[in-house]
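See below for the structure under consideration.
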Amino acid sequence: MQKDNFNNKLIRIGSRSSPLAIWQAKEVQNKIGKNSKVIKILTTGDKISDSRLAKYGGKGLFTRELDEAIEKNKIDIAVHSLKDVPTFIKEKFELFYILPRADVNDILMSTDNAKTIRSLPKNRSLGTSSPRRAAQIKRIREDLNIIPLRGNIGTRIEKLKKGKVDSIILALAGIKRLKIKENFTPLKAKEFMPAVGQGIIVIQSLKKNDKINKILTKLENINVRHLAQAERATLKILRGDCNSSIAILSEIEKNILKLTARIFSSDGKRMIESRDEGDINESIAIGTSVGKKLIKKGGLEILNL
């Protein structure tokens, strides 16, 4: 059946059904430039709006149904935000990076039009369900009241407008991709560090799917692959996931990959940092090195606080 599919040159692209996910899938569709269609798949994670994801198993909930669709030959590839992809994936899958990385910064959106987290009025509420964001917020402003807040970008902005929270933090990449015009302030990535894989769109396929993988390999953005591999290598060494207060910032300058990672206690009171750099072709080794340095500094103990 798969052979007939490729003879007809139809590539089935699986995607979550949110506006941002569909935008990402269509960007991949345009880049591939082949006869293709986007197939929307509702994931368990999309159905959870009022609870912390960790209670239900973490962000693998955003990819599980797409994984199954690939395995059952309902789609050929799945498109994800890399930060939604579990740290450890099944051996049968391969990840590809064909699009440039978007802006890695987070942004602050506030009913007070505050320009920084420090300038928010005292004891205000700030909506986020990200442990990484919550820990960094608490480190900057211990008095702020962190309110768990889930849903797609539009849903979270609507909750802000309705007064459910006084401020929210979102990824700038999603704001730009959806051309959202609300007032916001970017947070400097070196001060408020992003998540592993933030701003990266990834394609997942079966390793045995030689025909589609050949197409994707030709389109690969090598620098984005190196950045993704380095950041995920750090996360793997730490056995971290989306429920871990781990932040990472990496960049490439003249074929040198520089990576900095921070681990925070959940209350933000403790933080450790490690960094390393080297040739881009050593991306996994660089990420692994940073992870090991963090462990030596007591990183695993801090993550469990």
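Each chain in the structure tokens gets a letter, A, B, ..., in the order shown, and its residues are numbered from 1; ligands are numbered from 1 in order too.
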
Which residues are near A:Gly298? Cut-off 9 Å, only C-alpha atoms, ignore same chain within fewer than 5 positions. Put them as an MDAnalysis selection string. chainID A and resid 272 293 303

Can you pull out the residues contacting A:Leu126? Cut-off 8 Å, using only C-alpha atoms, and skip same-chain residues under 4 positions away; I want them as a ChimeraX atom specification. /A:144-147,165-169

Go through A:Ile13, A:Leu99, A:Leu294, A:Ala134 and flag the residue nearest A:Pro148, using only C-alpha atoms for the distances. A:Ala134

Residues near A:Pro194, anyone? I mean within 7 Å using only C-alpha atoms, not counting same-chain ones fewer than 2 positions away, as a ChimeraX atom specification. /A:104-106,189,192,196,198,247-249

Surrounding residues of A:Ile286 excluding itself and chain neighbours under 6 positions, 8 Å, only C-alpha atoms, as number ranges by chain: A: 230, 259, 276-278

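With only C-alpha atoms as the atoms that count, the residue of A:Val202, A:Val224, A:Leu238, A:Leu10 with the shortest distance to A:Ala78 is A:Val202.
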
All strand (DSSP E) positions in stretch 35-118 of chain A, as an NGL selection string: :A and (36-40 or 77-81 or 93-96 or 106-110)

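Using only C-alpha atoms for every distance, the candidate list A:Gly291, A:Pro121, A:Pro186, A:Gly33 yields A:Pro186 as the residue closest to A:Ala173.
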